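Enquirer: File input-v8.pdb follows (PDB, C-alpha atoms, pLDDT in the B column):
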```
ATOM      1  CA  MET A1429     -19.340 -20.859  -1.805  1.00 38.00           C
ATOM      2  CA  THR A1430     -19.432 -18.125  -4.405  1.00 45.00           C
ATOM      3  CA  ARG A1431     -22.130 -15.548  -4.869  1.00 57.00           C
ATOM      4  CA  PHE A1432     -24.390 -15.439  -7.893  1.00 61.00           C
ATOM      5  CA  LEU A1433     -23.494 -13.006 -10.672  1.00 71.00           C
ATOM      6  CA  GLU A1434     -25.865 -11.423 -13.172  1.00 86.00           C
ATOM      7  CA  PRO A1435     -25.187 -12.650 -16.734  1.00 87.00           C
ATOM      8  CA  THR A1436     -23.673  -9.324 -17.841  1.00 91.00           C
ATOM      9  CA  SER A1437     -21.459  -9.128 -14.739  1.00 90.00           C
ATOM     10  CA  GLU A1438     -20.264 -12.679 -15.324  1.00 90.00           C
ATOM     11  CA  ARG A1439     -19.554 -11.900 -18.970  1.00 93.00           C
ATOM     12  CA  PHE A1440     -17.576  -8.811 -17.898  1.00 95.00           C
ATOM     13  CA  LEU A1441     -15.551 -10.827 -15.365  1.00 93.00           C
ATOM     14  CA  LEU A1442     -14.767 -13.486 -17.991  1.00 93.00           C
ATOM     15  CA  ALA A1443     -13.723 -10.766 -20.461  1.00 94.00           C
ATOM     16  CA  ILE A1444     -11.371  -9.331 -17.829  1.00 94.00           C
ATOM     17  CA  ALA A1445      -9.968 -12.814 -17.138  1.00 93.00           C
ATOM     18  CA  ALA A1446      -9.388 -13.323 -20.871  1.00 93.00           C
ATOM     19  CA  SER A1447      -7.250 -10.164 -20.931  1.00 92.00           C
ATOM     20  CA  LEU A1448      -5.549 -10.565 -17.564  1.00 92.00           C
ATOM     21  CA  PRO A1449      -4.688 -13.924 -15.958  1.00 91.00           C
ATOM     22  CA  ALA A1450      -7.004 -14.608 -13.015  1.00 90.00           C
ATOM     23  CA  GLU A1451      -4.005 -15.810 -10.954  1.00 91.00           C
ATOM     24  CA  ARG A1452      -2.911 -12.179 -10.708  1.00 93.00           C
ATOM     25  CA  PHE A1453      -6.231 -10.843  -9.304  1.00 93.00           C
ATOM     26  CA  LEU A1454      -6.005  -9.341  -5.838  1.00 93.00           C
ATOM     27  CA  GLU A1455      -9.171  -7.194  -5.697  1.00 94.00           C
ATOM     28  CA  LEU A1456     -11.806  -6.160  -8.214  1.00 95.00           C
ATOM     29  CA  TYR A1457     -14.278  -3.305  -7.808  1.00 94.00           C
ATOM     30  CA  PHE A1458     -17.344  -3.307 -10.081  1.00 94.00           C
ATOM     31  CA  PHE A1459     -19.318  -0.090 -10.441  1.00 92.00           C
ATOM     32  CA  SER A1460     -23.034  -0.032 -11.183  1.00 90.00           C
ATOM     33  CA  PRO A1461     -23.692  -0.196 -14.931  1.00 92.00           C
ATOM     34  CA  ILE A1462     -25.146   2.835 -16.685  1.00 91.00           C
ATOM     35  CA  ARG A1463     -27.845   2.540 -19.374  1.00 91.00           C
ATOM     36  CA  GLN A1464     -28.108   5.364 -21.894  1.00 93.00           C
ATOM     37  CA  GLY A1465     -29.645   5.427 -25.348  1.00 91.00           C
ATOM     38  CA  GLY A1466     -29.924   1.687 -25.717  1.00 93.00           C
ATOM     39  CA  VAL A1467     -26.345   1.018 -24.556  1.00 95.00           C
ATOM     40  CA  GLU A1468     -25.237  -0.349 -21.208  1.00 94.00           C
ATOM     41  CA  SER A1469     -21.712   0.441 -20.053  1.00 94.00           C
ATOM     42  CA  GLY A1470     -19.773  -0.617 -17.000  1.00 93.00           C
ATOM     43  CA  VAL A1471     -16.445   0.057 -15.323  1.00 94.00           C
ATOM     44  CA  ALA A1472     -14.252  -1.942 -12.976  1.00 94.00           C
ATOM     45  CA  VAL A1473     -10.996  -1.198 -11.178  1.00 94.00           C
ATOM     46  CA  ILE A1474      -8.677  -4.165 -10.693  1.00 95.00           C
ATOM     47  CA  ALA A1475      -5.674  -4.527  -8.397  1.00 94.00           C
ATOM     48  CA  ALA A1476      -3.383  -7.281  -9.655  1.00 94.00           C
ATOM     49  CA  HIS A1477      -0.028  -8.689  -8.651  1.00 91.00           C
ATOM     50  CA  LEU A1478       2.786  -7.188 -10.704  1.00 86.00           C
ATOM     51  CA  GLU A1479       4.019  -9.042 -13.715  1.00 77.00           C
ATOM     52  CA  GLU A1480       7.790  -9.345 -13.597  1.00 63.00           C
ATOM     53  CA  GLN A1481       9.848  -9.834 -16.690  1.00 35.00           C
ATOM     54  CA  VAL A1482      12.390 -12.620 -16.447  1.00 31.00           C
ATOM     55  CA  PRO A1483      14.931 -12.577 -19.256  1.00 33.00           C
ATOM     56  CA  CYS A1484      14.823 -15.518 -21.596  1.00 37.00           C
ATOM     57  CA  HIS A1485      18.351 -16.747 -22.268  1.00 35.00           C
ATOM     58  CA  SER A1486      17.714 -19.076 -25.146  1.00 34.00           C
ATOM     59  CA  GLU A1487      20.090 -18.660 -28.020  1.00 38.00           C
ATOM     60  CA  ARG A1488      19.616 -20.207 -31.419  1.00 36.00           C
ATOM     61  CA  SER A1489      22.391 -21.173 -33.748  1.00 35.00           C
ATOM     62  CA  GLU A1490      22.055 -22.206 -37.307  1.00 38.00           C
ATOM     63  CA  GLU A1491      23.080 -25.740 -36.298  1.00 40.00           C
ATOM     64  CA  SER A1492      20.222 -26.163 -33.862  1.00 37.00           C
ATOM     65  CA  ALA A1493      16.633 -25.307 -34.782  1.00 43.00           C
ATOM     66  CA  LEU A1494      15.471 -25.615 -31.155  1.00 42.00           C
ATOM     67  CA  PRO A1495      17.216 -24.257 -28.050  1.00 43.00           C
ATOM     68  CA  ASP A1496      18.555 -26.548 -25.351  1.00 43.00           C
ATOM     69  CA  PRO A1497      15.560 -27.211 -23.014  1.00 42.00           C
ATOM     70  CA  GLU A1498      17.709 -26.639 -19.910  1.00 46.00           C
ATOM     71  CA  GLN A1499      18.560 -23.114 -21.093  1.00 44.00           C
ATOM     72  CA  VAL A1500      14.975 -22.040 -21.753  1.00 39.00           C
ATOM     73  CA  GLN A1501      13.300 -20.069 -18.981  1.00 41.00           C
ATOM     74  CA  ILE A1502       9.666 -19.155 -18.670  1.00 38.00           C
ATOM     75  CA  PRO A1503       9.561 -15.582 -19.987  1.00 39.00           C
ATOM     76  CA  ARG A1504       7.116 -14.207 -17.394  1.00 43.00           C
ATOM     77  CA  ARG A1505       6.183 -14.976 -13.839  1.00 44.00           C
ATOM     78  CA  PHE A1506       3.719 -13.495 -11.417  1.00 48.00           C
ATOM     79  CA  ALA A1507       4.941 -12.733  -7.945  1.00 47.00           C
ATOM     80  CA  PRO A1508       4.116 -10.231  -5.234  1.00 46.00           C
ATOM     81  CA  ARG A1509       7.058  -7.961  -4.546  1.00 49.00           C
ATOM     82  CA  ASP A1510       8.432  -6.813  -1.210  1.00 48.00           C
ATOM     83  CA  ASP A1511       7.356  -3.197  -1.746  1.00 63.00           C
ATOM     84  CA  ASN A1512       3.640  -4.223  -1.801  1.00 80.00           C
ATOM     85  CA  ARG A1513       2.988  -2.569  -5.142  1.00 85.00           C
ATOM     86  CA  TYR A1514       0.303  -3.786  -7.490  1.00 91.00           C
ATOM     87  CA  THR A1515      -0.744  -2.985 -11.035  1.00 92.00           C
ATOM     88  CA  VAL A1516      -3.960  -0.992 -11.203  1.00 92.00           C
ATOM     89  CA  TYR A1517      -6.147  -1.723 -14.243  1.00 94.00           C
ATOM     90  CA  THR A1518      -9.371  -0.198 -15.456  1.00 93.00           C
ATOM     91  CA  ALA A1519     -11.792  -2.341 -17.393  1.00 95.00           C
ATOM     92  CA  LYS A1520     -14.736  -1.044 -19.402  1.00 96.00           C
ATOM     93  CA  TYR A1521     -17.497  -2.647 -21.413  1.00 96.00           C
ATOM     94  CA  LYS A1522     -20.288  -1.527 -23.699  1.00 96.00           C
ATOM     95  CA  LEU A1523     -23.258  -3.691 -24.566  1.00 95.00           C
ATOM     96  CA  ALA A1524     -25.815  -2.610 -27.184  1.00 95.00           C
ATOM     97  CA  LEU A1525     -29.292  -3.369 -25.820  1.00 94.00           C
ATOM     98  CA  LYS A1526     -31.360  -1.940 -28.679  1.00 92.00           C
ATOM     99  CA  GLY A1527     -31.114  -1.179 -32.350  1.00 92.00           C
ATOM    100  CA  PRO A1528     -29.344  -2.873 -35.239  1.00 94.00           C
ATOM    101  CA  ASP A1529     -26.240  -3.565 -33.117  1.00 94.00           C
ATOM    102  CA  ARG A1530     -28.258  -5.264 -30.379  1.00 94.00           C
ATOM    103  CA  GLY A1531     -26.043  -7.734 -28.511  1.00 93.00           C
ATOM    104  CA  LYS A1532     -22.773  -6.151 -29.683  1.00 95.00           C
ATOM    105  CA  TRP A1533     -20.167  -6.390 -26.918  1.00 95.00           C
ATOM    106  CA  GLU A1534     -16.982  -4.350 -26.593  1.00 96.00           C
ATOM    107  CA  HIS A1535     -14.531  -4.363 -23.729  1.00 95.00           C
ATOM    108  CA  ALA A1536     -11.067  -3.117 -22.860  1.00 96.00           C
ATOM    109  CA  VAL A1537      -8.654  -3.684 -19.978  1.00 95.00           C
ATOM    110  CA  VAL A1538      -5.905  -1.091 -19.559  1.00 95.00           C
ATOM    111  CA  ALA A1539      -3.002  -0.961 -17.091  1.00 93.00           C
ATOM    112  CA  GLU A1540      -3.056   2.478 -15.502  1.00 91.00           C
ATOM    113  CA  ALA A1541      -0.321   2.438 -12.829  1.00 89.00           C
ATOM    114  CA  ASP A1542       1.759   0.505 -10.324  1.00 89.00           C
ATOM    115  CA  ALA A1543       0.769   1.507  -6.809  1.00 88.00           C
ATOM    116  CA  PRO A1544       0.331   0.302  -3.223  1.00 88.00           C
ATOM    117  CA  LEU A1545      -3.050  -1.128  -2.252  1.00 85.00           C
ATOM    118  CA  VAL A1546      -4.090   1.997  -0.332  1.00 85.00           C
ATOM    119  CA  THR A1547      -3.801   3.948  -3.601  1.00 83.00           C
ATOM    120  CA  VAL A1548      -6.118   1.469  -5.312  1.00 84.00           C
ATOM    121  CA  GLU A1549      -8.784   2.260  -2.717  1.00 85.00           C
ATOM    122  CA  THR A1550      -8.256   5.992  -3.330  1.00 84.00           C
ATOM    123  CA  VAL A1551      -8.679   5.474  -7.088  1.00 84.00           C
ATOM    124  CA  VAL A1552     -11.910   3.548  -6.458  1.00 87.00           C
ATOM    125  CA  ARG A1553     -13.280   6.389  -4.306  1.00 86.00           C
ATOM    126  CA  GLY A1554     -12.309   8.930  -6.986  1.00 84.00           C
ATOM    127  CA  VAL A1555     -14.094   6.979  -9.727  1.00 82.00           C
ATOM    128  CA  GLN A1556     -17.149   6.680  -7.491  1.00 84.00           C
ATOM    129  CA  ARG A1557     -17.147  10.418  -6.728  1.00 85.00           C
ATOM    130  CA  ARG A1558     -16.726  11.447 -10.396  1.00 82.00           C
ATOM    131  CA  SER A1559     -19.451   9.099 -11.585  1.00 77.00           C
ATOM    132  CA  GLY A1560     -21.880  10.502  -9.032  1.00 78.00           C
ATOM    133  CA  ASP A1561     -22.748   6.955  -8.011  1.00 76.00           C
ATOM    134  CA  ALA A1562     -24.181   6.894  -4.489  1.00 74.00           C
ATOM    135  CA  ASP A1563     -23.864   3.106  -4.279  1.00 81.00           C
ATOM    136  CA  GLU A1564     -20.638   1.495  -3.133  1.00 86.00           C
ATOM    137  CA  PRO A1565     -18.874  -0.457  -5.863  1.00 90.00           C
ATOM    138  CA  GLU A1566     -19.154  -4.218  -5.539  1.00 91.00           C
ATOM    139  CA  ARG A1567     -15.845  -5.515  -4.176  1.00 92.00           C
ATOM    140  CA  MET A1568     -14.719  -8.992  -5.141  1.00 94.00           C
ATOM    141  CA  SER A1569     -11.600 -10.634  -3.766  1.00 93.00           C
ATOM    142  CA  GLY A1570      -9.153 -12.321  -6.095  1.00 93.00           C
ATOM    143  CA  ASP A1571     -10.160 -15.711  -4.670  1.00 93.00           C
ATOM    144  CA  GLU A1572     -13.859 -15.071  -5.357  1.00 93.00           C
ATOM    145  CA  ALA A1573     -13.092 -13.924  -8.895  1.00 93.00           C
ATOM    146  CA  ARG A1574     -10.965 -17.012  -9.570  1.00 92.00           C
ATOM    147  CA  ASP A1575     -13.768 -19.244  -8.227  1.00 91.00           C
ATOM    148  CA  HIS A1576     -16.260 -17.615 -10.623  1.00 89.00           C
ATOM    149  CA  VAL A1577     -13.922 -17.898 -13.595  1.00 90.00           C
ATOM    150  CA  LEU A1578     -13.178 -21.536 -12.786  1.00 88.00           C
ATOM    151  CA  ALA A1579     -16.876 -22.397 -12.362  1.00 86.00           C
ATOM    152  CA  ALA A1580     -17.821 -20.641 -15.611  1.00 83.00           C
ATOM    153  CA  THR A1581     -15.139 -22.387 -17.641  1.00 80.00           C
ATOM    154  CA  ARG A1582     -15.967 -25.940 -16.491  1.00 76.00           C
TER     155      ARG A1582
END
```
Rewrite the structure from the file as structure tokens, please.

Expert:
Amino acid sequence: MTRFLEPTSERFLLAIAASLPAERFLELYFFSPIRQGGVESGVAVIAAHLEEQVPCHSERSEESALPDPEQVQIPRRFAPRDDNRYTVYTAKYKLALKGPDRGKWEHAVVAEADAPLVTVETVVRGVQRRSGDADEPERMSGDEARDHVLAATR
């Protein structure tokens, strides 16, 4: 069973999933949104499995318009590595609540670093300390996030 999300939180999660495949989610930390001057903004920190590049060895000749299907490899795969490192992303959104731009939505998801999981927790604490937020960020496991994305896209 998944927990209920507020409409803006669900929209933020779906925006993150549109930028970053949900299969890679390990942990997500959502900070309390801030409302200032008719604009709501929110931040999340995401730990995701590393994306490994796998070389694509398809060669094209002028004789053949399409490569041999047996030589084509999937260009990317997602796999946890032995060194337990993850990609740390920050996600941000802004939602205009008032004024002529009411309803305008902007979001961005940016890869910040590759780090072990303990570092992700340190980053989360640092963001919390700098924001002055007394509340703990809402932690969501990768499985919970995938459940929400799947339910919302049905």

Enquirer: With distances taken over only C-alpha atoms, which of A:Thr1547, A:Thr1515, A:Ser1559, A:Ser1569 is nearest to Ala1475 of chain A?

Expert: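 Closest candidate: A:Thr1515.
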
Enquirer: With only C-alpha atoms as the basis for distance, which of A:Pro1461, A:Gly1466, A:Pro1449, A:Pro1435 is at the shortest distance from Leu1478 of chain A?

Expert: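 Residue with the minimum atom-to-atom distance to Leu1478 of chain A: A:Pro1449.
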
Enquirer: Could you jot down the atom CA of Glu1572 of chain A to atom CA of Leu1545 of chain A separation for me, Å, one decimal place?

Expert: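 Between atom CA of Glu1572 of chain A and atom CA of Leu1545 of chain A the gap is 17.9 Å.
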
Enquirer: Contacts of segment 1573-1577 of chain A at 8 Å or less, counting only C-alpha atoms, minus same-chain residues fewer than 3 places along, as a list in words?

Expert: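 Counting only C-alpha atoms, the residues come to Thr1430, Glu1438, Leu1441, Leu1442, Ala1445, Ala1450, Glu1451, Phe1453, Leu1456, Met1568, Ser1569, Gly1570, Ala1580 and Thr1581 of chain A.
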
Enquirer: Contacts of segment 1517-1520 of chain A at 6 Å or less, counting only C-alpha atoms, minus same-chain residues fewer than 2 places along, as a PyMOL selection string?

Expert: chain A and resi 1470-1474+1535-1540

Enquirer: Can you tell me how far atom CA of Phe1458 of chain A sits from atom CA of Thr1436 of chain A, in Å to one decimal?

Expert: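 Atom CA of Thr1436 of chain A lies at a distance of 11.7 Å from atom CA of Phe1458 of chain A.
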
Enquirer: In Å, with one decimal, what is the gap from atom CA of Ile1462 of chain A to atom CA of Ala1446 of chain A?

Expert: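 About the pair atom CA of Ile1462 of chain A and atom CA of Ala1446 of chain A: they are 23.0 Å apart.
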